[in-house]
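Next up, query-v6.tsv (TSV, C-alpha atoms):
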```
chain	number	residue	atom	x	y	z
A	1	MET	CA	0.00	0.00	0.00
A	2	LYS	CA	1.18	3.50	-0.83
A	3	ARG	CA	-0.37	6.35	1.13
A	4	ILE	CA	-0.48	9.82	-0.43
A	5	HIS	CA	-0.92	12.51	2.24
A	6	PHE	CA	-2.80	15.68	1.26
A	7	THR	CA	-3.03	19.11	2.82
A	8	ALA	CA	-5.64	21.71	1.90
A	9	GLU	CA	-3.03	23.29	-0.37
A	10	ASP	CA	-2.42	19.94	-2.09
A	11	LEU	CA	-6.14	19.52	-2.78
A	12	ALA	CA	-6.20	22.98	-4.35
A	13	ARG	CA	-3.20	22.17	-6.56
A	14	THR	CA	-4.29	18.72	-7.73
A	15	ARG	CA	-4.92	18.53	-11.46
A	16	VAL	CA	-5.67	15.99	-14.18
A	17	ALA	CA	-3.46	15.31	-17.22
A	18	ALA	CA	-4.57	13.58	-20.40
A	19	SER	CA	-1.80	10.99	-20.49
A	20	LEU	CA	1.70	10.00	-19.45
A	21	GLY	CA	2.88	10.92	-22.95
A	22	VAL	CA	3.82	9.06	-26.08
A	23	ALA	CA	7.24	7.93	-24.77
A	24	ALA	CA	5.87	6.30	-21.60
A	25	GLU	CA	3.02	4.63	-23.51
A	26	THR	CA	5.47	3.30	-26.11
A	27	PHE	CA	7.69	1.83	-23.39
A	28	ASP	CA	4.70	0.14	-21.78
A	29	SER	CA	3.40	-1.18	-25.11
A	30	VAL	CA	6.75	-2.87	-25.78
A	31	ARG	CA	6.77	-4.30	-22.27
A	32	LEU	CA	3.38	-5.88	-22.92
A	33	LEU	CA	4.59	-7.41	-26.18
A	34	ARG	CA	7.62	-8.91	-24.44
A	35	GLU	CA	5.72	-10.45	-21.54
A	36	SER	CA	3.06	-13.13	-21.48
A	37	MET	CA	0.08	-11.44	-19.90
A	38	ASP	CA	-3.65	-12.03	-20.01
A	39	ALA	CA	-5.30	-8.66	-20.65
A	40	PRO	CA	-8.78	-8.95	-22.22
A	41	ASP	CA	-9.08	-5.18	-22.62
A	42	LEU	CA	-5.86	-5.15	-24.63
A	43	ALA	CA	-6.47	-8.40	-26.53
A	44	PRO	CA	-6.77	-6.76	-29.99
A	45	PHE	CA	-3.46	-5.01	-29.42
A	46	LEU	CA	-1.78	-8.12	-28.07
A	47	ARG	CA	-2.43	-9.94	-31.34
A	48	TRP	CA	0.66	-8.02	-32.43
A	49	ARG	CA	2.66	-10.25	-30.09
A	50	ALA	CA	2.46	-13.18	-32.49
A	51	ALA	CA	2.90	-10.98	-35.56
A	52	VAL	CA	5.77	-8.68	-34.68
A	53	GLY	CA	6.50	-8.85	-30.97
A	54	GLY	CA	9.24	-11.42	-31.38
A	55	ARG	CA	10.68	-9.68	-34.43
A	56	LEU	CA	11.40	-6.32	-32.89
A	57	GLY	CA	14.64	-8.00	-31.89
A	58	GLU	CA	17.72	-5.85	-32.08
A	59	GLN	CA	15.77	-2.69	-32.94
A	60	ALA	CA	14.03	-2.78	-29.54
A	61	GLY	CA	17.20	-3.76	-27.69
A	62	PRO	CA	17.92	-0.43	-25.97
A	63	LEU	CA	14.34	-0.23	-24.66
A	64	ALA	CA	14.38	-3.88	-23.57
A	65	ALA	CA	17.62	-3.27	-21.66
A	66	LEU	CA	15.79	-0.64	-19.59
A	67	MET	CA	12.97	-3.06	-18.68
A	68	PRO	CA	14.26	-5.28	-15.87
A	69	GLY	CA	12.11	-8.23	-14.91
A	70	HIS	CA	12.07	-7.18	-11.26
A	71	GLY	CA	12.44	-4.06	-9.19
A	72	PRO	CA	11.96	-0.40	-10.15
A	73	MET	CA	10.91	0.45	-13.68
A	74	PHE	CA	12.40	3.05	-16.02
A	75	ASP	CA	10.32	6.25	-15.85
A	76	ALA	CA	10.17	7.47	-19.45
A	77	MET	CA	7.88	10.37	-18.55
A	78	SER	CA	10.42	11.95	-16.19
A	79	LEU	CA	13.05	11.99	-18.92
A	80	MET	CA	10.91	12.67	-21.98
A	81	GLY	CA	7.89	14.49	-20.62
A	82	ASP	CA	4.18	13.86	-21.09
A	83	THR	CA	4.17	15.26	-24.62
A	84	ALA	CA	2.00	13.59	-27.26
A	85	ASP	CA	4.59	14.42	-29.95
A	86	LEU	CA	7.27	11.79	-30.57
A	87	ASP	CA	9.83	14.25	-31.97
A	88	GLU	CA	9.50	16.43	-28.87
A	89	ALA	CA	9.90	13.37	-26.63
A	90	VAL	CA	13.14	12.45	-28.44
A	91	GLU	CA	14.43	16.02	-28.12
A	92	ASN	CA	13.71	15.93	-24.39
A	93	LEU	CA	15.67	12.70	-24.08
A	94	LEU	CA	18.68	14.08	-25.92
A	95	ALA	CA	18.63	17.23	-23.78
A	96	ALA	CA	17.97	15.52	-20.42
A	97	PRO	CA	20.50	16.47	-17.71
A	98	ARG	CA	23.15	13.85	-17.09
A	99	ALA	CA	22.36	13.88	-13.36
A	100	LEU	CA	18.72	12.98	-14.08
A	101	LEU	CA	19.75	10.07	-16.29
A	102	ARG	CA	22.14	8.79	-13.66
A	103	VAL	CA	19.53	8.92	-10.88
A	104	GLU	CA	16.94	7.24	-13.12
A	105	LEU	CA	19.26	4.36	-13.99
A	106	GLU	CA	21.10	3.74	-10.74
A	107	ASN	CA	18.29	1.73	-9.13
A	108	LEU	CA	17.43	-0.42	-12.16
A	109	ARG	CA	18.44	-4.07	-12.09
A	110	ILE	CA	20.18	-3.99	-15.45
A	111	HIS	CA	21.09	-7.38	-16.89
A	112	PRO	CA	24.88	-7.96	-16.79
A	113	GLU	CA	25.19	-8.01	-20.59
A	114	HIS	CA	23.77	-4.48	-20.77
A	115	ARG	CA	25.59	-2.90	-17.82
A	116	ASN	CA	28.45	-1.32	-19.77
A	117	TRP	CA	25.99	0.23	-22.21
A	118	ALA	CA	23.75	1.42	-19.36
A	119	ARG	CA	26.79	2.93	-17.63
A	120	ASN	CA	27.58	4.89	-20.80
A	121	LEU	CA	23.97	6.04	-20.97
A	122	ALA	CA	24.06	7.16	-17.33
A	123	ASP	CA	27.29	9.05	-18.04
A	124	GLY	CA	25.51	11.03	-20.75
A	125	ASP	CA	27.02	9.29	-23.79
A	126	ARG	CA	25.25	10.79	-26.81
A	127	GLU	CA	25.53	7.64	-28.93
A	128	ALA	CA	23.76	5.64	-26.20
A	129	ARG	CA	21.01	8.26	-26.09
A	130	LEU	CA	20.65	8.13	-29.87
A	131	GLN	CA	20.28	4.36	-29.67
A	132	VAL	CA	17.41	4.75	-27.20
A	133	ALA	CA	15.85	7.41	-29.44
A	134	ALA	CA	16.10	5.16	-32.53
A	135	ALA	CA	14.56	2.23	-30.64
A	136	LEU	CA	11.76	4.48	-29.39
A	137	ARG	CA	10.95	5.59	-32.95
A	138	THR	CA	11.02	2.03	-34.28
A	139	CYS	CA	8.84	0.63	-31.52
A	140	HIS	CA	6.40	3.51	-31.80
A	141	ALA	CA	6.02	2.85	-35.53
A	142	VAL	CA	5.22	-0.80	-34.84
A	143	THR	CA	3.21	-0.76	-31.63
A	144	MET	CA	1.65	2.69	-31.36
A	145	ALA	CA	1.31	4.53	-34.65
A	146	PRO	CA	-1.82	2.69	-35.88
A	147	TYR	CA	-3.67	3.50	-32.66
A	148	TRP	CA	-2.14	6.67	-31.20
A	149	PRO	CA	-4.64	9.21	-32.68
A	150	ARG	CA	-7.57	7.23	-31.25
A	151	MET	CA	-5.75	6.71	-27.97
A	152	ARG	CA	-5.24	10.45	-27.58
A	153	SER	CA	-8.93	11.09	-28.20
A	154	PHE	CA	-9.90	8.35	-25.76
A	155	LEU	CA	-7.53	9.63	-23.07
A	156	THR	CA	-8.84	13.14	-23.55
A	157	SER	CA	-12.40	11.91	-22.96
A	158	VAL	CA	-11.28	10.14	-19.76
A	159	ARG	CA	-9.65	13.36	-18.55
A	160	GLU	CA	-12.80	15.34	-19.34
A	161	GLY	CA	-14.78	12.95	-17.13
A	162	TYR	CA	-12.42	13.57	-14.20
A	163	VAL	CA	-12.51	17.32	-14.76
A	164	ARG	CA	-16.31	17.31	-14.95
A	165	THR	CA	-16.54	15.47	-11.63
A	166	MET	CA	-14.04	17.89	-10.08
A	167	GLY	CA	-16.01	20.86	-11.37
A	168	GLU	CA	-19.28	19.53	-9.97
A	169	GLY	CA	-18.08	18.39	-6.55
A	170	GLY	CA	-14.49	19.52	-6.00
A	171	THR	CA	-11.23	17.62	-5.84
A	172	GLU	CA	-12.34	15.33	-3.04
A	173	ARG	CA	-15.37	14.20	-5.04
A	174	MET	CA	-13.10	13.39	-7.93
A	175	LEU	CA	-10.75	11.40	-5.67
A	176	GLU	CA	-13.74	9.49	-4.32
A	177	SER	CA	-14.78	8.59	-7.89
A	178	LEU	CA	-11.50	6.84	-8.73
A	179	ASP	CA	-11.49	3.06	-9.21
A	180	PRO	CA	-12.03	1.63	-5.69
A	181	ALA	CA	-10.22	-1.57	-6.63
A	182	LEU	CA	-7.03	0.46	-7.00
A	183	VAL	CA	-7.33	3.55	-4.79
A	184	ARG	CA	-9.43	4.68	-1.86
A	185	TRP	CA	-9.89	8.19	-0.52
A	186	ARG	CA	-9.71	8.29	3.29
A	187	PRO	CA	-9.31	12.02	4.01
A	188	PRO	CA	-6.67	13.33	4.10
A	189	VAL	CA	-4.95	10.23	2.67
A	190	LEU	CA	-5.35	8.59	-0.73
A	191	GLU	CA	-4.54	4.89	-0.35
A	192	VAL	CA	-3.05	3.30	-3.45
A	193	ARG	CA	-3.02	-0.46	-3.76
A	194	HIS	CA	0.61	-1.38	-4.39
A	195	HIS	CA	3.08	-4.18	-3.70
A	196	ARG	CA	5.43	-1.80	-1.87
A	197	GLU	CA	4.74	0.14	1.33
A	198	ALA	CA	5.42	3.87	1.20
A	199	ASP	CA	4.15	7.20	2.48
A	200	VAL	CA	4.18	10.09	0.04
A	201	HIS	CA	3.80	13.54	1.57
A	202	LEU	CA	2.86	16.02	-1.13
A	203	GLY	CA	3.93	19.01	0.96
A	204	GLY	CA	1.98	21.58	-1.00
A	205	ARG	CA	3.00	20.33	-4.45
A	206	GLY	CA	-0.38	18.80	-5.25
A	207	LEU	CA	-0.88	15.65	-7.31
A	208	VAL	CA	-1.21	15.04	-11.03
A	209	ILE	CA	-3.66	12.30	-11.97
A	210	SER	CA	-3.10	10.75	-15.37
A	211	SER	CA	-4.48	7.83	-17.35
A	212	ALA	CA	-2.46	5.11	-19.08
A	213	VAL	CA	-3.72	2.81	-21.83
A	214	PHE	CA	-1.04	0.12	-21.53
A	215	SER	CA	-1.55	-0.59	-17.85
A	216	LEU	CA	-2.74	-3.90	-16.42
A	217	ARG	CA	-5.07	-3.05	-13.57
A	218	GLN	CA	-2.40	-1.41	-11.46
A	219	ALA	CA	-1.74	2.09	-10.21
A	220	GLU	CA	1.69	3.69	-10.07
A	221	VAL	CA	2.98	6.74	-8.20
A	222	LEU	CA	5.69	8.45	-10.26
A	223	ALA	CA	8.02	11.16	-8.99
A	224	CYS	CA	10.73	12.94	-10.94
A	225	PRO	CA	13.99	12.06	-9.16
A	226	GLY	CA	15.69	15.24	-10.31
A	227	ASP	CA	13.05	17.72	-9.20
A	228	SER	CA	11.66	17.41	-5.68
A	229	ALA	CA	9.44	20.46	-6.25
A	230	GLN	CA	7.54	18.77	-9.07
A	231	ALA	CA	4.18	17.24	-8.23
A	232	PRO	CA	4.11	13.42	-8.21
A	233	VAL	CA	1.94	11.67	-10.81
A	234	LEU	CA	-0.67	9.02	-10.03
A	235	ALA	CA	-0.98	6.87	-13.16
A	236	LEU	CA	-4.21	4.88	-13.40
A	237	PRO	CA	-5.46	2.45	-16.07
A	238	ALA	CA	-7.51	4.42	-18.56
A	239	PHE	CA	-10.20	1.79	-18.82
A	240	GLY	CA	-10.87	1.53	-15.07
A	241	ALA	CA	-13.65	-0.94	-14.43
A	242	GLU	CA	-15.06	-0.57	-17.94
A	243	PRO	CA	-13.68	-2.31	-21.06
A	244	LEU	CA	-12.16	-0.25	-23.82
A	245	GLY	CA	-14.25	0.20	-26.92
A	246	ALA	CA	-13.30	-2.08	-29.79
A	247	GLY	CA	-13.02	0.96	-32.03
A	248	LEU	CA	-9.91	2.07	-30.17
A	249	TRP	CA	-7.97	-0.86	-31.60
A	250	SER	CA	-9.39	-0.80	-35.12
A	251	VAL	CA	-6.96	0.44	-37.74
A	252	GLY	CA	-9.20	-0.12	-40.73
A	253	ASP	CA	-12.29	2.01	-40.18
A	254	THR	CA	-10.98	5.55	-40.33
A	255	VAL	CA	-13.03	7.86	-42.48
A	256	GLY	CA	-11.02	9.07	-45.43
A	257	ASP	CA	-8.87	7.82	-48.25
A	258	THR	CA	-7.02	5.28	-46.11
A	259	ALA	CA	-10.15	3.51	-44.82
A	260	GLY	CA	-9.62	-0.23	-44.94
A	261	ARG	CA	-5.88	0.10	-45.62
A	262	PRO	CA	-4.14	-0.18	-42.24
A	263	LEU	CA	-0.59	-0.07	-43.61
A	264	GLU	CA	-1.37	3.34	-45.12
A	265	GLU	CA	-2.78	4.52	-41.79
A	266	LEU	CA	0.41	3.39	-40.10
A	267	LEU	CA	2.94	4.90	-42.50
A	268	GLY	CA	1.01	7.19	-44.84
A	269	ARG	CA	-0.02	6.27	-48.39
A	270	THR	CA	3.26	7.07	-50.14
A	271	ARG	CA	5.52	5.60	-47.50
A	272	ALA	CA	3.42	2.42	-47.39
A	273	ALA	CA	3.83	2.14	-51.16
A	274	VAL	CA	7.59	2.61	-50.77
A	275	LEU	CA	7.80	-0.15	-48.14
A	276	GLU	CA	5.85	-2.56	-50.33
A	277	ALA	CA	8.03	-1.64	-53.30
A	278	VAL	CA	11.15	-2.63	-51.34
A	279	ALA	CA	9.73	-6.10	-50.62
A	280	GLU	CA	11.72	-7.79	-53.40
A	281	GLY	CA	14.74	-5.53	-53.10
A	282	CYS	CA	15.42	-2.65	-55.46
A	283	SER	CA	17.57	0.34	-56.27
A	284	THR	CA	16.44	3.90	-55.60
A	285	THR	CA	15.61	4.33	-59.28
A	286	ASP	CA	13.46	1.18	-59.29
A	287	LEU	CA	11.90	2.26	-56.01
A	288	ALA	CA	10.86	5.59	-57.48
A	289	ARG	CA	9.36	3.88	-60.52
A	290	ARG	CA	7.45	1.28	-58.53
A	291	ALA	CA	6.11	3.78	-55.99
A	292	ARG	CA	5.46	6.40	-58.71
A	293	VAL	CA	7.41	9.15	-56.98
A	294	SER	CA	10.50	11.16	-57.88
A	295	ALA	CA	13.94	9.74	-57.16
A	296	SER	CA	14.58	12.39	-54.49
A	297	SER	CA	11.26	11.59	-52.81
A	298	ALA	CA	11.99	7.86	-52.93
A	299	SER	CA	15.36	8.49	-51.30
A	300	GLN	CA	13.78	10.59	-48.53
A	301	HIS	CA	11.13	7.98	-47.75
A	302	ALA	CA	13.75	5.24	-47.76
A	303	THR	CA	15.81	7.23	-45.25
A	304	VAL	CA	12.84	7.45	-42.85
A	305	LEU	CA	12.06	3.74	-43.19
A	306	ARG	CA	15.72	2.91	-42.60
A	307	LYS	CA	15.86	5.06	-39.44
A	308	VAL	CA	12.97	3.13	-37.87
A	309	GLY	CA	14.48	-0.22	-38.78
A	310	LEU	CA	12.07	-1.32	-41.52
A	311	ILE	CA	14.58	-1.43	-44.38
A	312	THR	CA	18.33	-1.57	-44.87
A	313	THR	CA	20.37	0.05	-47.62
A	314	GLY	CA	23.56	-1.34	-49.08
A	315	ARG	CA	25.66	-0.72	-52.18
A	316	ASP	CA	25.38	-2.59	-55.46
A	317	GLY	CA	28.24	-1.14	-57.42
A	318	LYS	CA	27.54	2.60	-57.58
A	319	ALA	CA	23.84	2.22	-56.86
A	320	ALA	CA	22.09	1.98	-53.49
A	321	ARG	CA	20.05	-1.17	-52.98
A	322	HIS	CA	17.21	-1.33	-50.47
A	323	SER	CA	15.95	-4.47	-48.70
A	324	LEU	CA	13.40	-5.22	-46.00
A	325	THR	CA	14.55	-6.01	-42.48
A	326	ALA	CA	12.87	-8.84	-40.58
A	327	LEU	CA	10.73	-6.21	-38.87
A	328	GLY	CA	9.71	-4.63	-42.18
A	329	ALA	CA	8.81	-8.04	-43.58
A	330	ALA	CA	6.80	-8.78	-40.44
A	331	LEU	CA	4.70	-5.67	-40.96
A	332	LEU	CA	3.87	-6.70	-44.51
A	333	GLU	CA	3.10	-10.26	-43.45
A	334	SER	CA	1.18	-9.57	-40.24
A	335	GLY	CA	-2.19	-8.78	-41.71
A	336	ILE	CA	-2.00	-4.98	-41.92
A	337	ARG	CA	-0.92	-5.09	-45.54
A	338	HIS	CA	-3.68	-4.14	-47.94
A	339	PRO	CA	-4.64	-7.22	-49.99
```
Let me see the structure of the file written as structure tokens.
Amino acid sequence: MKRIHFTAEDLARTRVAASLGVAAETFDSVRLLRESMDAPDLAPFLRWRAAVGGRLGEQAGPLAALMPGHGPMFDAMSLMGDTADLDEAVENLLAAPRALLRVELENLRIHPEHRNWARNLADGDREARLQVAAALRTCHAVTMAPYWPRMRSFLTSVREGYVRTMGEGGTERMLESLDPALVRWRPPVLEVRHHREADVHLGGRGLVISSAVFSLRQAEVLACPGDSAQAPVLALPAFGAEPLGAGLWSVGDTVGDTAGRPLEELLGRTRAAVLEAVAEGCSTTDLARRARVSASSASQHATVLRKVGLITTGRDGKAARHSLTALGAALLESGIRHP
């Protein structure tokens, strides 16, 4: 049990955020793909486990290294913020103070084979940070991109419900309305069901309450280790006691030109065409012809796909030759490819 102690000032400063941010959700989505868990609310998403979960492989390595099987978890939100924009999250990671990285990593039970790399990351090594950033982009493209717009809308609606309750009955009414299986308001203490005992004294900072999609019926209390003045965050499952709507996980019913073509929703129409064109291997000139784009455009799209680990590019004489990676092939084979 964790006990969060409120003062009148804390009640006045408590607020609700829409989400933990795209970086934290991406981390948690990869964790779910790597672990065998029974989560009916997330069942449509977890079908990805069989399709691509095992093929993220090396591309997801830096994220996997930060996900120990036991003990404290890596807090992506503290380092990358609660932004919904992936580029901003990556910029925050690259600019994070070295001291914050070191504090975040020092309590993780890093596997021995990753300890030298983790030590470099904690010391602020830019190459190690870039490896985490590249893995974050790749994993987001695979696990989050098809669903993220709907997730953001869903999380916003959950937040609006909390805010509405707060507006009608005050902060205490909102705290009382939280899932009783996970938290219980016993003024002036909010009891949080947890496997570790702890008392958290807010001390006038207030509390931020946020929802998380990729959470398995558990609540977490997150505090930024590098900023004791920052309000802690209470992360709660977005679906609470109610199941998520099936529409949240559908990638084929969006209104518009990409309706029924999930790969185009994931990558965009042109980039999806470029990925399919690479399936049998080709030069940049052939790629441009097959995808019906200019050579410069084909080269730009190939660069993006290469950065997220979906294709590789080698040399064939003077020409560049593009090929699918195992992850890129998995996307085309996993059922999101338009027949």
Please work out which residues fall within 12 Å of (16.6, 14.0, -13.6), coordinates as given in the file, with all atoms listed in the file counting, and return them as a VMD selection string.
chain A and resid 74 to 81 92 to 93 95 to 106 122 124 223 to 228 230
Save the residues we just selected, C-alpha atoms, as a PDB file, in the coordinates of the input?
```pdb
ATOM      1  CA  PHE A  74      12.400   3.050 -16.020  1.00  0.00           C
ATOM      2  CA  ASP A  75      10.320   6.250 -15.850  1.00  0.00           C
ATOM      3  CA  ALA A  76      10.170   7.470 -19.450  1.00  0.00           C
ATOM      4  CA  MET A  77       7.880  10.370 -18.550  1.00  0.00           C
ATOM      5  CA  SER A  78      10.420  11.950 -16.190  1.00  0.00           C
ATOM      6  CA  LEU A  79      13.050  11.990 -18.920  1.00  0.00           C
ATOM      7  CA  MET A  80      10.910  12.670 -21.980  1.00  0.00           C
ATOM      8  CA  GLY A  81       7.890  14.490 -20.620  1.00  0.00           C
ATOM      9  CA  ASN A  92      13.710  15.930 -24.390  1.00  0.00           C
ATOM     10  CA  LEU A  93      15.670  12.700 -24.080  1.00  0.00           C
ATOM     11  CA  ALA A  95      18.630  17.230 -23.780  1.00  0.00           C
ATOM     12  CA  ALA A  96      17.970  15.520 -20.420  1.00  0.00           C
ATOM     13  CA  PRO A  97      20.500  16.470 -17.710  1.00  0.00           C
ATOM     14  CA  ARG A  98      23.150  13.850 -17.090  1.00  0.00           C
ATOM     15  CA  ALA A  99      22.360  13.880 -13.360  1.00  0.00           C
ATOM     16  CA  LEU A 100      18.720  12.980 -14.080  1.00  0.00           C
ATOM     17  CA  LEU A 101      19.750  10.070 -16.290  1.00  0.00           C
ATOM     18  CA  ARG A 102      22.140   8.790 -13.660  1.00  0.00           C
ATOM     19  CA  VAL A 103      19.530   8.920 -10.880  1.00  0.00           C
ATOM     20  CA  GLU A 104      16.940   7.240 -13.120  1.00  0.00           C
ATOM     21  CA  LEU A 105      19.260   4.360 -13.990  1.00  0.00           C
ATOM     22  CA  GLU A 106      21.100   3.740 -10.740  1.00  0.00           C
ATOM     23  CA  ALA A 122      24.060   7.160 -17.330  1.00  0.00           C
ATOM     24  CA  GLY A 124      25.510  11.030 -20.750  1.00  0.00           C
ATOM     25  CA  ALA A 223       8.020  11.160  -8.990  1.00  0.00           C
ATOM     26  CA  CYS A 224      10.730  12.940 -10.940  1.00  0.00           C
ATOM     27  CA  PRO A 225      13.990  12.060  -9.160  1.00  0.00           C
ATOM     28  CA  GLY A 226      15.690  15.240 -10.310  1.00  0.00           C
ATOM     29  CA  ASP A 227      13.050  17.720  -9.200  1.00  0.00           C
ATOM     30  CA  SER A 228      11.660  17.410  -5.680  1.00  0.00           C
ATOM     31  CA  GLN A 230       7.540  18.770  -9.070  1.00  0.00           C
TER      32      GLN A 230
END
```
Quick one: 8 Å padding each side, axis-aligned, all listed atoms of region 281-291 of chain A - centre and edge lengths in Å to one decimal, as lines of an AutoDock Vina configuration file?
```
center_x = 11.8
center_y = 0.0
center_z = -56.8
size_x = 27.5
size_y = 27.1
size_z = 23.4
```
Using CA of Tyr147 (chain A) and CA of Ser29 (chain A) as the two end points, give the distance in Å to one decimal.
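Value for the CA of Tyr147 (chain A)-CA of Ser29 (chain A) distance: 11.4 Å.
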Residue with the minimum atom-to-atom distance to Ala135 (chain A), picked from A:Lys307, A:Arg205, A:Arg269, A:Arg289 with only C-alpha atoms counted, is A:Lys307
Smallest atom-to-atom distance to Val158 (chain A): which of A:Thr83, A:Ile209, A:Gly281, A:Gly317, using all atoms listed in the file?
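Result for the nearest residue to Val158 (chain A): A:Ile209.
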